[in-house]
Amino acid sequence: HQKIYPNLYVILIAPSSIFRKSTVMGISKSLVKLMDKKSVFPNEMTPEAFKESLSTETGQGQGIFYISEFGSLLTSFEREYNRGLKEFFTDIYDCPDEYVRKLNRGTFTISHPFINIFGGSDISWLVKHFKEGDVRAGFLPRFLSFISTKKKKFMSIPPEPDLQQFMDLKRSLQ
């Protein structure tokens with residue numbers, strides 16, 4: 001009875017530096033920006049500005065967040081000005097047909113919200129910032145977690161990128 005969106009909330013969990021979480025996220029971000037620059041949300045903005053940017057009146061209700069340190073996102077949810085943002089992401093995960101927000105200065109509507117989150121973290125940093133409520137309330141269970149603890153191959157300097165392969169991937173995604 002409802003359209004299903006293939007939204008993803010993803011966390012890459014691995015030790016810092018040598019596992020190249022940021023490299024993987026950077027490749028993904030480059031591909032998404034090539035296809036639609038507006039689909040990549042800013043690194044930081046207030047919750048109200050974010051919700052308004054998704055509204056039908058001012059923007060598009062679809063896009064992706066890239067979060068290089070997921071533990072810091074969990075910490076930021078505890079700040080006064082970000083209260084309610086974690087609950088918003090939990091609610092919006094199901095991609096309702098419409099999300100309506102009423103403020104003193106008016107009402108705004110987000111039609112067909114479709115949000116993706118792609119983050120990375122070191123396991124110790126992440127565990128330090130987890131709260132039991134994040135699991136019980138359903139926020140963290142919405143995430144696909146990819147955990148890596150061993151690396152088979154080390155490359156201090158990676159080879160030159162294969163631009164043809166990159167463009168083939170872009171065409172395939174389009």
# chains A, B, ... in the order shown; residues from 1 in each chain; ligands from 1
call {"tool": "residues_around", "arguments": {"residues": "Leu163 in chain A", "least_positions_apart": "5", "cutoff": "12 Å", "atoms": "only C-alpha atoms", "output": "VMD selection string"}}
result
chain A and resid 27 31 168 to 170
call {"tool": "select_by_dssp", "arguments": {"residues": "range 47-137 of chain A", "states": "strand (DSSP E or B)", "output": "list in words"}}
result
Gln62, Gly63, Ile64, Phe65, Tyr66, Ile67, Glu98, Tyr99, Val100, Arg101, Lys102, Leu103, Gly106, Thr107, Phe108, Thr109, Ile110, Ser111, Phe114, Ile115, Asn116, Ile117, Phe118, Gly119, Gly120 and Ser121 of chain A
call {"tool": "write_last_selection", "arguments": {"atoms": "N, CA, C and O atoms", "output": "compact mmCIF listing (two decimals), in the first residue's frame"}}
result
# COMPACT_ATOMS: atom_id res chain seq x y z
N GLN A 62 15.00 14.40 -0.61
CA GLN A 62 15.82 13.22 -0.82
C GLN A 62 17.30 13.59 -0.86
O GLN A 62 17.65 14.65 -1.36
N GLY A 63 18.13 12.69 -0.32
CA GLY A 63 19.57 12.93 -0.37
C GLY A 63 20.32 12.04 0.59
O GLY A 63 19.76 11.11 1.17
N ILE A 64 21.61 12.35 0.74
CA ILE A 64 22.50 11.53 1.56
C ILE A 64 23.41 12.40 2.41
O ILE A 64 23.87 13.45 1.98
N PHE A 65 23.62 11.94 3.63
CA PHE A 65 24.59 12.54 4.55
C PHE A 65 25.84 11.67 4.56
O PHE A 65 25.74 10.44 4.64
N TYR A 66 26.99 12.31 4.48
CA TYR A 66 28.27 11.61 4.67
C TYR A 66 28.84 12.08 5.99
O TYR A 66 29.05 13.28 6.19
N ILE A 67 29.07 11.14 6.90
CA ILE A 67 29.52 11.47 8.25
C ILE A 67 30.83 10.74 8.51
O ILE A 67 30.84 9.52 8.73
N GLU A 98 4.40 11.67 3.71
CA GLU A 98 4.46 13.09 4.06
C GLU A 98 4.89 13.26 5.51
O GLU A 98 4.49 12.48 6.38
N TYR A 99 5.73 14.24 5.75
CA TYR A 99 6.14 14.63 7.11
C TYR A 99 5.79 16.11 7.25
O TYR A 99 6.22 16.93 6.44
N VAL A 100 4.98 16.44 8.24
CA VAL A 100 4.53 17.81 8.42
C VAL A 100 5.09 18.35 9.74
O VAL A 100 5.02 17.68 10.77
N ARG A 101 5.64 19.55 9.67
CA ARG A 101 6.23 20.21 10.85
C ARG A 101 5.58 21.57 11.01
O ARG A 101 5.56 22.37 10.08
N LYS A 102 5.02 21.81 12.20
CA LYS A 102 4.37 23.09 12.47
C LYS A 102 5.27 23.90 13.39
O LYS A 102 5.67 23.44 14.45
N LEU A 103 5.59 25.12 12.96
CA LEU A 103 6.41 26.04 13.73
C LEU A 103 5.64 27.33 13.94
O LEU A 103 4.61 27.56 13.31
N GLY A 106 5.13 29.17 10.76
CA GLY A 106 4.39 28.51 9.69
C GLY A 106 4.57 27.00 9.70
O GLY A 106 5.28 26.45 10.53
N THR A 107 3.93 26.37 8.77
CA THR A 107 3.97 24.92 8.63
C THR A 107 4.73 24.58 7.35
O THR A 107 4.60 25.26 6.35
N PHE A 108 5.54 23.54 7.42
CA PHE A 108 6.17 23.08 6.19
C PHE A 108 6.00 21.57 6.07
O PHE A 108 5.85 20.87 7.06
N THR A 109 6.02 21.11 4.85
CA THR A 109 5.75 19.71 4.54
C THR A 109 6.90 19.13 3.74
O THR A 109 7.41 19.76 2.82
N ILE A 110 7.28 17.91 4.10
CA ILE A 110 8.28 17.17 3.33
C ILE A 110 7.52 16.03 2.65
O ILE A 110 6.93 15.18 3.32
N SER A 111 7.50 16.06 1.33
CA SER A 111 6.81 15.01 0.58
C SER A 111 7.79 13.91 0.19
O SER A 111 8.86 14.19 -0.33
N PHE A 114 13.27 10.78 1.66
CA PHE A 114 14.10 9.61 1.34
C PHE A 114 15.54 9.98 1.68
O PHE A 114 16.24 10.57 0.89
N ILE A 115 15.95 9.66 2.90
CA ILE A 115 17.25 10.07 3.43
C ILE A 115 18.16 8.85 3.54
O ILE A 115 17.74 7.79 3.97
N ASN A 116 19.42 9.04 3.16
CA ASN A 116 20.45 8.02 3.33
C ASN A 116 21.54 8.60 4.22
O ASN A 116 21.80 9.80 4.17
N ILE A 117 22.17 7.73 5.00
CA ILE A 117 23.27 8.15 5.85
C ILE A 117 24.42 7.18 5.62
O ILE A 117 24.22 5.96 5.67
N PHE A 118 25.61 7.71 5.37
CA PHE A 118 26.80 6.88 5.18
C PHE A 118 27.87 7.42 6.11
O PHE A 118 28.34 8.54 5.94
N GLY A 119 28.21 6.64 7.12
CA GLY A 119 29.17 7.10 8.11
C GLY A 119 30.26 6.08 8.37
O GLY A 119 30.16 4.92 7.95
N GLY A 120 31.27 6.52 9.07
CA GLY A 120 32.37 5.65 9.45
C GLY A 120 32.79 5.94 10.87
O GLY A 120 32.56 7.03 11.39
N SER A 121 33.40 4.94 11.49
CA SER A 121 33.88 5.14 12.85
C SER A 121 34.85 4.04 13.26
O SER A 121 34.79 2.92 12.75
call {"tool": "atom_distance", "arguments": {"atom1": "CA of Ile11 in chain A", "atom2": "CA of Asp162 in chain A"}}
result
25.7 Å
call {"tool": "residues_around", "arguments": {"residues": "Tyr81 in chain A", "least_positions_apart": "2", "cutoff": "12 Å", "atoms": "only C-alpha atoms", "output": "list in words"}}
result
Met45, Thr46, Pro47, Glu48, Ala49, Ser76, Phe77, Glu78, Arg79, Arg83, Gly84, Leu85 and Lys86 of chain A
call {"tool": "residues_around", "arguments": {"residues": "Ala14 in chain A", "least_positions_apart": "4", "cutoff": "10 Å", "atoms": "only C-alpha atoms", "output": "PyMOL selection string"}}
result
chain A and resi 18-21+120-124+146-151
call {"tool": "select_by_dssp", "arguments": {"residues": "range 20-149 of chain A", "states": "helix (DSSP H, G or I)", "output": "VMD selection string"}}
result
chain A and resid 21 to 35 37 to 39 47 to 54 70 to 76 80 to 82 85 to 92 123 to 129 132 to 136 140 to 142
call {"tool": "residues_around", "arguments": {"residues": "Lys29 in chain A", "least_positions_apart": "3", "cutoff": "9 Å", "atoms": "only C-alpha atoms", "output": "list in words"}}
result
Val24, Met25, Gly26, Val32, Lys33, Leu34, Val40, Ile64 and Tyr66 of chain A
call {"tool": "atom_distance", "arguments": {"atom1": "CA of Lys3 in chain A", "atom2": "CA of Asp97 in chain A"}}
result
8.2 Å
